[in-house]
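> Structure below; questions to follow.
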Amino acid sequence: MVDDDSAMRALPRAVDTVIIGAGCAGLALASRLADQGYAQSVLVVDARHGYRDDRTWSFWAPPTHRLSAIVAAAWPTWRFDRGSSAAERADHRVPGLRYQSIRAIDYYRDAQARIAASTAVSLRLGVTVTGVEPARDSGLVPVDGHAARVLVHTSAGTVAARHVVDTRPVSTRATLFQCFVGAEVDHGGALHASPGALDSATAGLMSRMRSDDAGFAFTYVLPLTPTTALVELTRFSVEPLPLDGIARELNDELAELGLADARVVRDESGVLPMGADPVTAHPVPGVVRAGNGGGALRAATGYAFARIHEWADAAAAAMIAGDSPVAHPAEPWVRRQMDRIFLQTLRAHPERTPEFFLRLGQRVAPERLTRFLTDRARASDLLAMILALPFGPFLAQLPDRTATLARRELRAAAPHVATHRAAATPIARPESAPISAPAPSAPRERVA
Ligand SMILES: Cc1cc2nc3c(=O)[nH]c(=O)nc-3n(C[C@H](O)[C@H](O)[C@H](O)COP(=O)(O)OP(=O)(O)OC[C@H]3O[C@@H](n4cnc5c(N)ncnc54)[C@H](O)[C@@H]3O)c2cc1C
């Protein structure tokens, strides 16, 4: 059941599971429980009153998967470049893999439709969680035959639950912050007009990589159709940067790309911590953290979407087997160290960062680099990456300096706040209106 007018209706007194946050992670779990006929009651609450097209999620995957019906665009080739000549770029393809994008609005609608078809799972928007504490009162209503362990306090009342999955963002320190502002533009074909420009089969993952006084920057360019594209100006910074400044840079970048006259149809923005504090167990028994606040963001890349969906598969399977929902798996030691050394080196050498990424793109086989980016690296892949990079700067970063380098994130802002800040710039406001009801949806295939 989906209800976006929660302020008008009381919440149930007790449920089996409360999922706090109906963003990427909360909906990933809720929609699986709905699809797979979880028999116990699940309540998903979110502070937002409606959904809008606030981001684009991109990831590598085979052509067919659980969400392939809502993929907006897919590319067989992805590019790393610091200029337009062949010597300054690397185009990667991996047989059987596509870089793919899903619009947030399609994702939200798809999940809402799956939840609406379930009698056990319900979604309540406009409900802000204000606190979570152990349920000490044994006189509480038992939940589906089990004792409630947690009380979730919200703007619409208190709910007792056996399990709580908390996907709210958390404030964290980080070695670097990935700060970006993007615009989806209708360019009428101008993006592909100049020699060496991206064609519509190629995603520009790290395009026009450069460094300047403010650090390392690149442009992320996703040609969505022959005449539209998502263009994002991204900076790696030791502090979260004001997004208004990046939005101004994006305007300059659009002009550089010959898109000064392109019509902006939507914008998005974010600040992602790279190399965040390790996730600690929630102090309240029965509560697990998930999503970005639960360790979903990959330190070296800022990618989280595919990791969230792998977590949701595991958490739903555990719950359906009668166990508690699981948290994100701990990062394996080798990956943690590789990511740490990599981030420390990028932080120490912003002026050489374009060179480092271009070396990886040009000297490491696409299969190897993609396995690294998607958490599937083998020892030989890591060795190939180490051999592709200059030893000196990376060797100097072997000692763990995270504790002294990391700065505290100024806010644990929901990304729609960031988008609002970006709107103070010449970038046009998004045209997408908030939605309040699930759109009709065809039956979907399950993830393989
Ligand atoms: C603009 C943008 C683009 C991104 N693109 C990619 C990408 O291409 N690929 C990729 O892998 N990753 C990407 N990411 C990173 C990551 O996938 C996303 O941040 C993803 O949304 C994280 O999911 P989440 O569920 O942790 O957080 P969210 O999706 O932000 O969901 C958290 C939810 O909690 C709710 N909430 C917060 N406080 C409360 C409260 N007190 N009570 C109730 N509800 C509350 C919020 O309203 C929100 O709906 C992107 C991030 C951003 C910001």
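We name chains A, B, ... following the order of the structure tokens; residues begin at 1 in each chain, and ligands are numbered from 1 as shown.
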Can you pull out every residue within 12 Å of Ala217 in chain A, counting only C-alpha atoms, but drop anything in the same chain fewer than 4 positions away, and send it as a ChimeraX atom specification?

/A:81-82,177-181,206-213,232-237,246,249-250,253,346,350-354,357

> From the DSSP assignment of the backbone, select every residue of range 49-145 of chain A that is strand (DSSP E), and format the answer as a ChimeraX atom specification.

/A:56-61,71-75,77-81,89-92,98-103,121-125,129-134

> Could you turn the residues from that selection into a file that holds N, CA and C atoms, as an mmCIF file, in the first residue's frame?


data_model
loop_
_atom_site.group_PDB
_atom_site.id
_atom_site.type_symbol
_atom_site.label_atom_id
_atom_site.label_comp_id
_atom_site.auth_asym_id
_atom_site.auth_seq_id
_atom_site.Cartn_x
_atom_site.Cartn_y
_atom_site.Cartn_z
ATOM 1 N N THR A 56 20.242 10.491 -11.368
ATOM 2 C CA THR A 56 20.358 9.419 -12.352
ATOM 3 C C THR A 56 21.318 8.405 -11.767
ATOM 4 N N TRP A 57 20.901 7.163 -11.677
ATOM 5 C CA TRP A 57 21.785 6.129 -11.132
ATOM 6 C C TRP A 57 22.417 5.350 -12.274
ATOM 7 N N SER A 58 23.737 5.283 -12.285
ATOM 8 C CA SER A 58 24.434 4.553 -13.344
ATOM 9 C C SER A 58 25.303 3.462 -12.738
ATOM 10 N N PHE A 59 25.508 2.413 -13.518
ATOM 11 C CA PHE A 59 26.178 1.213 -13.001
ATOM 12 C C PHE A 59 26.506 0.313 -14.191
ATOM 13 N N TRP A 60 27.404 -0.651 -13.968
ATOM 14 C CA TRP A 60 27.694 -1.647 -14.996
ATOM 15 C C TRP A 60 26.860 -2.889 -14.717
ATOM 16 N N ALA A 61 26.274 -3.446 -15.756
ATOM 17 C CA ALA A 61 25.489 -4.672 -15.579
ATOM 18 C C ALA A 61 25.320 -5.331 -16.941
ATOM 19 N N VAL A 71 15.618 0.881 -17.494
ATOM 20 C CA VAL A 71 16.896 1.515 -17.880
ATOM 21 C C VAL A 71 16.601 2.569 -18.952
ATOM 22 N N ALA A 72 17.068 3.791 -18.698
ATOM 23 C CA ALA A 72 16.778 4.893 -19.630
ATOM 24 C C ALA A 72 17.752 4.903 -20.799
ATOM 25 N N ALA A 73 18.991 4.492 -20.549
ATOM 26 C CA ALA A 73 20.003 4.477 -21.612
ATOM 27 C C ALA A 73 21.123 3.529 -21.202
ATOM 28 N N ALA A 74 21.798 2.954 -22.203
ATOM 29 C CA ALA A 74 22.905 2.024 -21.922
ATOM 30 C C ALA A 74 23.969 2.227 -22.982
ATOM 31 N N TRP A 75 25.229 2.047 -22.598
ATOM 32 C CA TRP A 75 26.349 2.300 -23.511
ATOM 33 C C TRP A 75 27.296 1.111 -23.505
ATOM 34 N N THR A 77 30.305 1.334 -24.619
ATOM 35 C CA THR A 77 31.666 1.897 -24.490
ATOM 36 C C THR A 77 31.651 3.020 -23.463
ATOM 37 N N TRP A 78 32.732 3.111 -22.687
ATOM 38 C CA TRP A 78 32.878 4.227 -21.756
ATOM 39 C C TRP A 78 34.278 4.779 -21.880
ATOM 40 N N ARG A 79 34.414 6.075 -21.654
ATOM 41 C CA ARG A 79 35.667 6.787 -21.985
ATOM 42 C C ARG A 79 36.266 7.496 -20.777
ATOM 43 N N PHE A 80 37.616 7.472 -20.720
ATOM 44 C CA PHE A 80 38.390 8.316 -19.794
ATOM 45 C C PHE A 80 39.237 9.206 -20.695
ATOM 46 N N ASP A 81 39.224 10.517 -20.512
ATOM 47 C CA ASP A 81 40.075 11.347 -21.369
ATOM 48 C C ASP A 81 40.479 12.637 -20.688
ATOM 49 N N ARG A 89 43.105 9.693 -24.591
ATOM 50 C CA ARG A 89 41.874 9.060 -24.132
ATOM 51 C C ARG A 89 41.992 7.545 -24.143
ATOM 52 N N ALA A 90 41.072 6.894 -23.432
ATOM 53 C CA ALA A 90 40.964 5.437 -23.434
ATOM 54 C C ALA A 90 39.481 5.091 -23.533
ATOM 55 N N ASP A 91 39.135 4.308 -24.545
ATOM 56 C CA ASP A 91 37.750 3.848 -24.685
ATOM 57 C C ASP A 91 37.687 2.388 -24.263
ATOM 58 N N HIS A 92 36.823 2.091 -23.323
ATOM 59 C CA HIS A 92 36.728 0.721 -22.794
ATOM 60 C C HIS A 92 35.405 0.058 -23.184
ATOM 61 N N ARG A 98 27.252 -3.547 -19.992
ATOM 62 C CA ARG A 98 26.876 -2.213 -20.479
ATOM 63 C C ARG A 98 26.940 -1.253 -19.295
ATOM 64 N N TYR A 99 27.360 -0.025 -19.555
ATOM 65 C CA TYR A 99 27.179 1.029 -18.558
ATOM 66 C C TYR A 99 25.741 1.512 -18.745
ATOM 67 N N GLN A 100 24.961 1.558 -17.678
ATOM 68 C CA GLN A 100 23.522 1.802 -17.812
ATOM 69 C C GLN A 100 23.059 2.878 -16.827
ATOM 70 N N SER A 101 21.997 3.562 -17.190
ATOM 71 C CA SER A 101 21.447 4.600 -16.306
ATOM 72 C C SER A 101 19.955 4.404 -16.099
ATOM 73 N N ILE A 102 19.561 4.641 -14.867
ATOM 74 C CA ILE A 102 18.132 4.621 -14.514
ATOM 75 C C ILE A 102 17.783 5.986 -13.943
ATOM 76 N N ARG A 103 16.692 6.549 -14.440
ATOM 77 C CA ARG A 103 16.223 7.818 -13.885
ATOM 78 C C ARG A 103 15.577 7.549 -12.528
ATOM 79 N N VAL A 121 3.446 -4.916 2.713
ATOM 80 C CA VAL A 121 4.387 -3.790 2.741
ATOM 81 C C VAL A 121 3.622 -2.502 2.486
ATOM 82 N N SER A 122 3.850 -1.493 3.327
ATOM 83 C CA SER A 122 3.191 -0.214 3.065
ATOM 84 C C SER A 122 4.214 0.916 3.136
ATOM 85 N N LEU A 123 3.961 1.944 2.350
ATOM 86 C CA LEU A 123 4.871 3.096 2.232
ATOM 87 C C LEU A 123 4.133 4.338 2.685
ATOM 88 N N ARG A 124 4.717 5.058 3.623
ATOM 89 C CA ARG A 124 4.100 6.293 4.108
ATOM 90 C C ARG A 124 5.078 7.442 3.932
ATOM 91 N N LEU A 125 4.740 8.352 3.029
ATOM 92 C CA LEU A 125 5.570 9.538 2.815
ATOM 93 C C LEU A 125 5.114 10.656 3.758
ATOM 94 N N VAL A 129 11.241 10.547 10.883
ATOM 95 C CA VAL A 129 11.652 9.810 12.080
ATOM 96 C C VAL A 129 12.474 10.742 12.960
ATOM 97 N N THR A 130 12.080 10.794 14.238
ATOM 98 C CA THR A 130 12.753 11.716 15.160
ATOM 99 C C THR A 130 13.628 10.981 16.164
ATOM 100 N N GLY A 131 13.441 9.684 16.315
ATOM 101 C CA GLY A 131 14.277 8.946 17.260
ATOM 102 C C GLY A 131 14.004 7.455 17.193
ATOM 103 N N VAL A 132 15.009 6.687 17.639
ATOM 104 C CA VAL A 132 14.897 5.228 17.658
ATOM 105 C C VAL A 132 15.444 4.779 19.009
ATOM 106 N N GLU A 133 14.709 3.937 19.729
ATOM 107 C CA GLU A 133 15.221 3.479 21.030
ATOM 108 C C GLU A 133 14.766 2.049 21.292
ATOM 109 N N PRO A 134 15.439 1.371 22.232
ATOM 110 C CA PRO A 134 15.021 0.000 22.543
ATOM 111 C C PRO A 134 13.612 0.003 23.134
#

> Hey, what's within 9 Å of range 380-388 of chain A if we count only C-alpha atoms and toss same-chain stuff fewer than 4 positions away? As JSON, numbers by chain, please?

{"A": [338, 356, 359, 360, 362, 363, 364, 365, 367, 368, 369, 371, 372, 394]}

> Run DSSP on the backbone and give me the residues of range 34-250 of chain A it puts in helix (DSSP H, G or I), as a VMD selection string.

chain A and resid 34 to 35 68 to 70 86 to 88 104 to 116 190 to 192 243 to 250

> Got time to write the residues from that selection, N, CA and C atoms, as a short mmCIF file (atom, residue, chain, number, x, y, z; two decimals), in the first residue's frame?


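Result went into out_32.cif, see below:
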data_model
loop_
_atom_site.label_atom_id
_atom_site.label_comp_id
_atom_site.auth_asym_id
_atom_site.auth_seq_id
_atom_site.Cartn_x
_atom_site.Cartn_y
_atom_site.Cartn_z
N ALA A 34 8.11 -6.99 -1.10
CA ALA A 34 6.78 -6.99 -1.74
C ALA A 34 6.72 -8.04 -2.85
N ASP A 35 7.72 -8.06 -3.70
CA ASP A 35 7.76 -9.01 -4.83
C ASP A 35 7.76 -10.45 -4.35
N SER A 68 15.95 -3.97 -15.72
CA SER A 68 16.29 -3.58 -17.09
C SER A 68 15.12 -2.91 -17.81
N ALA A 69 13.88 -3.17 -17.38
CA ALA A 69 12.73 -2.52 -18.04
C ALA A 69 12.71 -1.01 -17.82
N ILE A 70 13.40 -0.52 -16.79
CA ILE A 70 13.37 0.94 -16.55
C ILE A 70 14.72 1.61 -16.84
N ALA A 86 43.46 11.06 -29.75
CA ALA A 86 43.44 9.63 -29.42
C ALA A 86 44.45 9.32 -28.31
N ALA A 87 45.58 10.05 -28.29
CA ALA A 87 46.62 9.79 -27.28
C ALA A 87 46.16 10.19 -25.88
N GLU A 88 45.14 11.00 -25.81
CA GLU A 88 44.71 11.51 -24.50
C GLU A 88 43.45 10.82 -23.99
N ALA A 104 15.87 8.41 -11.56
CA ALA A 104 15.30 8.20 -10.22
C ALA A 104 13.78 8.12 -10.27
N ILE A 105 13.16 8.95 -11.09
CA ILE A 105 11.69 8.97 -11.07
C ILE A 105 11.12 7.62 -11.53
N ASP A 106 11.78 6.98 -12.49
CA ASP A 106 11.32 5.67 -12.94
C ASP A 106 11.52 4.62 -11.85
N TYR A 107 12.64 4.75 -11.15
CA TYR A 107 12.94 3.82 -10.06
C TYR A 107 11.90 3.96 -8.94
N TYR A 108 11.61 5.20 -8.56
CA TYR A 108 10.64 5.43 -7.49
C TYR A 108 9.27 4.89 -7.89
N ARG A 109 8.87 5.17 -9.13
CA ARG A 109 7.55 4.71 -9.58
C ARG A 109 7.48 3.19 -9.63
N ASP A 110 8.55 2.58 -10.13
CA ASP A 110 8.60 1.13 -10.22
C ASP A 110 8.45 0.52 -8.82
N ALA A 111 9.20 1.05 -7.85
CA ALA A 111 9.14 0.50 -6.49
C ALA A 111 7.77 0.76 -5.88
N GLN A 112 7.22 1.95 -6.12
CA GLN A 112 5.89 2.24 -5.56
C GLN A 112 4.85 1.27 -6.11
N ALA A 113 4.96 0.94 -7.40
CA ALA A 113 3.99 0.01 -7.99
C ALA A 113 4.14 -1.38 -7.38
N ARG A 114 5.36 -1.81 -7.17
CA ARG A 114 5.57 -3.14 -6.57
C ARG A 114 5.00 -3.16 -5.15
N ILE A 115 5.23 -2.07 -4.40
CA ILE A 115 4.74 -2.00 -3.01
C ILE A 115 3.21 -1.93 -3.00
N ALA A 116 2.64 -1.18 -3.95
CA ALA A 116 1.18 -1.05 -4.00
C ALA A 116 0.50 -2.39 -4.22
N ALA A 190 24.29 18.95 -30.98
CA ALA A 190 25.54 19.74 -30.94
C ALA A 190 26.66 19.00 -30.20
N LEU A 191 26.32 18.14 -29.24
CA LEU A 191 27.35 17.45 -28.45
C LEU A 191 28.26 16.59 -29.33
N HIS A 192 27.69 16.05 -30.40
CA HIS A 192 28.44 15.09 -31.21
C HIS A 192 29.03 15.74 -32.47
N LEU A 243 27.97 24.24 -3.80
CA LEU A 243 27.53 23.75 -5.11
C LEU A 243 27.22 24.87 -6.09
N ASP A 244 26.95 26.07 -5.56
CA ASP A 244 26.68 27.19 -6.48
C ASP A 244 27.88 27.46 -7.38
N GLY A 245 29.08 27.35 -6.79
CA GLY A 245 30.30 27.59 -7.56
C GLY A 245 30.47 26.53 -8.64
N ILE A 246 30.17 25.29 -8.29
CA ILE A 246 30.31 24.22 -9.30
C ILE A 246 29.26 24.40 -10.39
N ALA A 247 28.09 24.87 -10.01
CA ALA A 247 27.05 25.11 -11.03
C ALA A 247 27.51 26.19 -12.02
N ARG A 248 28.23 27.20 -11.52
CA ARG A 248 28.74 28.24 -12.44
C ARG A 248 29.78 27.62 -13.37
N GLU A 249 30.62 26.75 -12.81
CA GLU A 249 31.63 26.08 -13.65
C GLU A 249 30.95 25.21 -14.69
N LEU A 250 29.85 24.59 -14.31
CA LEU A 250 29.12 23.75 -15.26
C LEU A 250 28.63 24.58 -16.44
#

> Kindly provide, as JSON, numbers by chain, all nucleotide and amino acid residues lying within 8 Å of ligand 1, counting only C-alpha atoms and all ligand atoms.

{"A": [20, 21, 22, 23, 24, 25, 26, 27, 45, 46, 47, 48, 54, 55, 56, 57, 58, 59, 101, 126, 127, 128, 129, 130, 154, 167, 168, 169, 180, 181, 182, 268, 269, 270, 271, 272, 290, 291, 292, 293, 294, 296, 297, 302, 303, 304, 305, 306, 307, 308, 414, 415, 416, 419]}

> Using only C-alpha atoms, which of the listed residues (A:Asp313, A:Asp16, A:Asp166, A:Glu239) sits closest to Val287 in chain A?

A:Asp166

> Contacts of Met319 in chain A at 12 Å or less, counting only C-alpha atoms, minus same-chain residues fewer than 5 places along, as a list in words?

Asp16, Thr17, Leu29, Ala30, Arg32, Leu33, Ala34, Gln36, Gly37, Tyr38, Ala39, Gln40, Ser41, Val42, Arg162, His163, Val164, Val165, Ala312, Asp313, Ala314, Ser324, Pro325, Val326 and Ala327 of chain A
